[in-house]
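Engineer: Right, I'll just put the structure down here and ask away after.
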Amino acid sequence: MSKLSFFYNAKVVYSTSLKALKRREYKIISFDEEEGIIKARSKKGVLRPEVTVEIKISKLNDNHTNIDIQSKFKKTWLSADGYEAKEENKLINTLYKLFEHS
């Protein structure tokens, strides 16, 4: 689980989170902008386990938003230790890159 904080409003963080998931090739399972929850799943491959991510976006004030990211994965016999953390870090890095270029 990762906790992040951004100095952007909640709507910008929400839409950027959706973009980051699409860039990382996650399939959006469900999303609710009012609740600030996004659920997504990675595309399962032969050598890649399926990773499910839940992002909870919380507005602190007009220009400060927190994100809680929780990921789970179905381990396969080829899954490396720490795979879940690596996938979560890749998603976080993509989020930061999108905010840098916005």
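Scheme for the structure tokens: letters A, B, ... for chains in order shown; per-chain residue numbers from 1; ligand numbers from 1 in order shown.
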Would you kindly return, as a list of chain:residue names, each protein, DNA or RNA residue with an atom no farther than 8 Å from any atom of Ile29 of chain A, considering only C-alpha atoms and excluding same-chain residues fewer than 3 positions away?

Structural biologist: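 Result of the neighbour search: A:Ile38, A:Lys39, A:Ala40, A:Arg41.
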
Engineer: Give me, as JSON lines, each residue of segment 33-58 of chain A that comes within 10 Å of segment 6-22 of chain A, together with its shortest interatomic pair and the distance in Å at one decimal, counting only C-alpha atoms, with rows ordered by chain and rising residue number.

Structural biologist:
{"residue": "A:Glu33", "atom": "CA", "partner": "A:Tyr14", "partner_atom": "CA", "distance": 7.2}
{"residue": "A:Glu34", "atom": "CA", "partner": "A:Lys11", "partner_atom": "CA", "distance": 9.7}
{"residue": "A:Gly36", "atom": "CA", "partner": "A:Tyr14", "partner_atom": "CA", "distance": 7.1}
{"residue": "A:Ile37", "atom": "CA", "partner": "A:Tyr14", "partner_atom": "CA", "distance": 8.7}
{"residue": "A:Ile38", "atom": "CA", "partner": "A:Leu18", "partner_atom": "CA", "distance": 7.8}
{"residue": "A:Lys39", "atom": "CA", "partner": "A:Leu21", "partner_atom": "CA", "distance": 9.7}
{"residue": "A:Ala40", "atom": "CA", "partner": "A:Leu21", "partner_atom": "CA", "distance": 7.5}
{"residue": "A:Arg41", "atom": "CA", "partner": "A:Leu21", "partner_atom": "CA", "distance": 9.0}
{"residue": "A:Ser42", "atom": "CA", "partner": "A:Leu21", "partner_atom": "CA", "distance": 8.8}
{"residue": "A:Val53", "atom": "CA", "partner": "A:Leu21", "partner_atom": "CA", "distance": 9.2}
{"residue": "A:Ile55", "atom": "CA", "partner": "A:Ser17", "partner_atom": "CA", "distance": 8.2}
{"residue": "A:Lys56", "atom": "CA", "partner": "A:Tyr14", "partner_atom": "CA", "distance": 9.2}
{"residue": "A:Ile57", "atom": "CA", "partner": "A:Tyr14", "partner_atom": "CA", "distance": 6.9}
{"residue": "A:Ser58", "atom": "CA", "partner": "A:Ala10", "partner_atom": "CA", "distance": 7.1}

Engineer: Rounded to one decimal, what separation in Å do you get between atom CA of Asp68 of chain A and atom CA of Leu4 of chain A?

Structural biologist: 6.5 Å

Engineer: Taking the backbone alone, and naming residues the way the document does, which bits of chain A are alpha helix (DSSP H) by DSSP, as a compact mmCIF listing (two decimals) with N, CA and C atoms, in the first residue's frame?

Structural biologist:
# COMPACT_ATOMS: atom_id res chain seq x y z
N ALA A 10 -8.76 17.64 -6.59
CA ALA A 10 -9.13 16.22 -6.66
C ALA A 10 -9.52 15.79 -8.07
N LYS A 11 -10.18 16.66 -8.83
CA LYS A 11 -10.59 16.29 -10.19
C LYS A 11 -9.39 16.06 -11.10
N VAL A 12 -8.38 16.89 -10.97
CA VAL A 12 -7.15 16.74 -11.76
C VAL A 12 -6.44 15.45 -11.37
N VAL A 13 -6.36 15.16 -10.09
CA VAL A 13 -5.71 13.94 -9.61
C VAL A 13 -6.48 12.71 -10.08
N TYR A 14 -7.80 12.79 -10.05
CA TYR A 14 -8.63 11.67 -10.50
C TYR A 14 -8.40 11.38 -11.98
N SER A 15 -8.47 12.40 -12.83
CA SER A 15 -8.29 12.17 -14.27
C SER A 15 -6.87 11.75 -14.60
N THR A 16 -5.89 12.28 -13.89
CA THR A 16 -4.49 11.88 -14.12
C THR A 16 -4.27 10.43 -13.68
N SER A 17 -4.93 10.00 -12.63
CA SER A 17 -4.83 8.61 -12.18
C SER A 17 -5.39 7.66 -13.23
N LEU A 18 -6.51 8.04 -13.85
CA LEU A 18 -7.08 7.22 -14.93
C LEU A 18 -6.11 7.13 -16.11
N LYS A 19 -5.49 8.26 -16.47
CA LYS A 19 -4.51 8.27 -17.56
C LYS A 19 -3.32 7.37 -17.24
N ALA A 20 -2.84 7.43 -15.99
CA ALA A 20 -1.69 6.61 -15.58
C ALA A 20 -2.02 5.12 -15.68
N LEU A 21 -3.21 4.75 -15.26
CA LEU A 21 -3.62 3.35 -15.36
C LEU A 21 -3.69 2.89 -16.81
N LYS A 22 -4.21 3.74 -17.68
CA LYS A 22 -4.28 3.38 -19.10
C LYS A 22 -2.89 3.28 -19.71
N ARG A 23 -1.99 4.17 -19.32
CA ARG A 23 -0.61 4.10 -19.83
C ARG A 23 0.09 2.82 -19.39
N TYR A 83 7.02 -8.67 -6.81
CA TYR A 83 6.39 -8.26 -8.06
C TYR A 83 5.32 -7.20 -7.83
N GLU A 84 4.54 -7.40 -6.79
CA GLU A 84 3.44 -6.48 -6.47
C GLU A 84 3.98 -5.07 -6.21
N ALA A 85 5.06 -4.97 -5.42
CA ALA A 85 5.65 -3.66 -5.10
C ALA A 85 6.23 -3.01 -6.36
N LYS A 86 6.83 -3.80 -7.23
CA LYS A 86 7.41 -3.25 -8.46
C LYS A 86 6.32 -2.66 -9.35
N GLU A 87 5.21 -3.38 -9.49
CA GLU A 87 4.11 -2.89 -10.32
C GLU A 87 3.51 -1.62 -9.73
N GLU A 88 3.39 -1.57 -8.43
CA GLU A 88 2.85 -0.37 -7.77
C GLU A 88 3.80 0.81 -7.98
N ASN A 89 5.11 0.57 -7.87
CA ASN A 89 6.09 1.63 -8.09
C ASN A 89 6.07 2.14 -9.52
N LYS A 90 5.86 1.24 -10.49
CA LYS A 90 5.77 1.67 -11.89
C LYS A 90 4.57 2.59 -12.08
N LEU A 91 3.46 2.26 -11.45
CA LEU A 91 2.26 3.09 -11.55
C LEU A 91 2.51 4.45 -10.91
N ILE A 92 3.15 4.48 -9.76
CA ILE A 92 3.46 5.74 -9.07
C ILE A 92 4.39 6.60 -9.92
N ASN A 93 5.42 5.99 -10.51
CA ASN A 93 6.33 6.74 -11.38
C ASN A 93 5.60 7.34 -12.57
N THR A 94 4.67 6.59 -13.14
CA THR A 94 3.88 7.10 -14.26
C THR A 94 3.02 8.28 -13.82
N LEU A 95 2.44 8.19 -12.64
CA LEU A 95 1.65 9.32 -12.09
C LEU A 95 2.52 10.58 -11.98
N TYR A 96 3.71 10.43 -11.38
CA TYR A 96 4.60 11.58 -11.22
C TYR A 96 5.01 12.18 -12.57
N LYS A 97 5.28 11.33 -13.55
CA LYS A 97 5.66 11.82 -14.89
C LYS A 97 4.52 12.59 -15.54
N LEU A 98 3.30 12.10 -15.37
CA LEU A 98 2.15 12.80 -15.94
C LEU A 98 1.95 14.17 -15.29
N PHE A 99 2.18 14.26 -13.98
CA PHE A 99 2.04 15.55 -13.30
C PHE A 99 3.17 16.50 -13.69
N GLU A 100 4.36 15.97 -13.94
CA GLU A 100 5.49 16.81 -14.37
C GLU A 100 5.21 17.46 -15.71

Engineer: I'd like to know which of A:Lys43, A:Lys59, A:Lys3, A:His101 is closest to Phe73 of chain A, using only C-alpha atoms.

Structural biologist: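 Closest residue, counting only C-alpha atoms: A:Lys43.
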
Engineer: Check the DSSP output for the backbone and give back, as JSON, numbers by chain, the residues of chain A in strand (DSSP E).

Structural biologist: {"A": [2, 3, 4, 5, 6, 26, 27, 28, 29, 30, 31, 32, 37, 38, 39, 40, 41, 42, 51, 52, 53, 54, 55, 56, 57, 58, 59, 60, 61, 64, 65, 66, 67, 68, 69, 70, 71, 72, 73]}

Engineer: Using C-alpha atoms, can you write the selected residues to a file as a short mmCIF file (atom, residue, chain, number, x, y, z; two decimals), in the first residue's frame?

Structural biologist:
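Written output follows (out.cif):
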data_model
loop_
_atom_site.label_atom_id
_atom_site.label_comp_id
_atom_site.auth_asym_id
_atom_site.auth_seq_id
_atom_site.Cartn_x
_atom_site.Cartn_y
_atom_site.Cartn_z
CA SER A 2 1.26 3.47 -0.91
CA LYS A 3 0.11 6.87 0.24
CA LEU A 4 0.80 9.94 -1.89
CA SER A 5 -0.02 13.61 -1.62
CA PHE A 6 -0.38 16.09 -4.48
CA TYR A 26 -4.57 -1.58 -16.82
CA LYS A 27 -8.20 -2.33 -17.59
CA ILE A 28 -10.55 -0.11 -15.59
CA ILE A 29 -12.99 -2.36 -13.69
CA SER A 30 -14.98 0.40 -12.00
CA PHE A 31 -14.69 4.05 -11.10
CA ASP A 32 -16.70 6.51 -9.07
CA ILE A 37 -12.39 5.27 -6.03
CA ILE A 38 -10.86 3.63 -9.09
CA LYS A 39 -10.47 -0.15 -9.44
CA ALA A 40 -8.37 -1.61 -12.24
CA ARG A 41 -6.74 -4.86 -13.30
CA SER A 42 -3.59 -5.45 -15.31
CA VAL A 51 -2.52 -7.37 -10.57
CA THR A 52 -5.60 -5.63 -9.17
CA VAL A 53 -5.25 -2.01 -8.04
CA GLU A 54 -7.60 0.14 -5.98
CA ILE A 55 -6.97 3.87 -5.84
CA LYS A 56 -8.75 6.01 -3.24
CA ILE A 57 -8.56 9.76 -3.85
CA SER A 58 -9.31 12.07 -0.90
CA LYS A 59 -9.66 15.84 -1.17
CA LEU A 60 -8.05 17.71 1.73
CA ASN A 61 -8.76 21.21 0.39
CA HIS A 64 -4.32 19.37 -1.84
CA THR A 65 -5.30 15.77 -2.51
CA ASN A 66 -4.21 12.44 -1.03
CA ILE A 67 -4.09 9.12 -2.87
CA ASP A 68 -4.06 5.65 -1.28
CA ILE A 69 -3.00 2.88 -3.66
CA GLN A 70 -3.56 -0.74 -2.72
CA SER A 71 -2.55 -3.55 -5.04
CA LYS A 72 -3.04 -7.30 -4.91
CA PHE A 73 -1.85 -9.95 -7.28
#
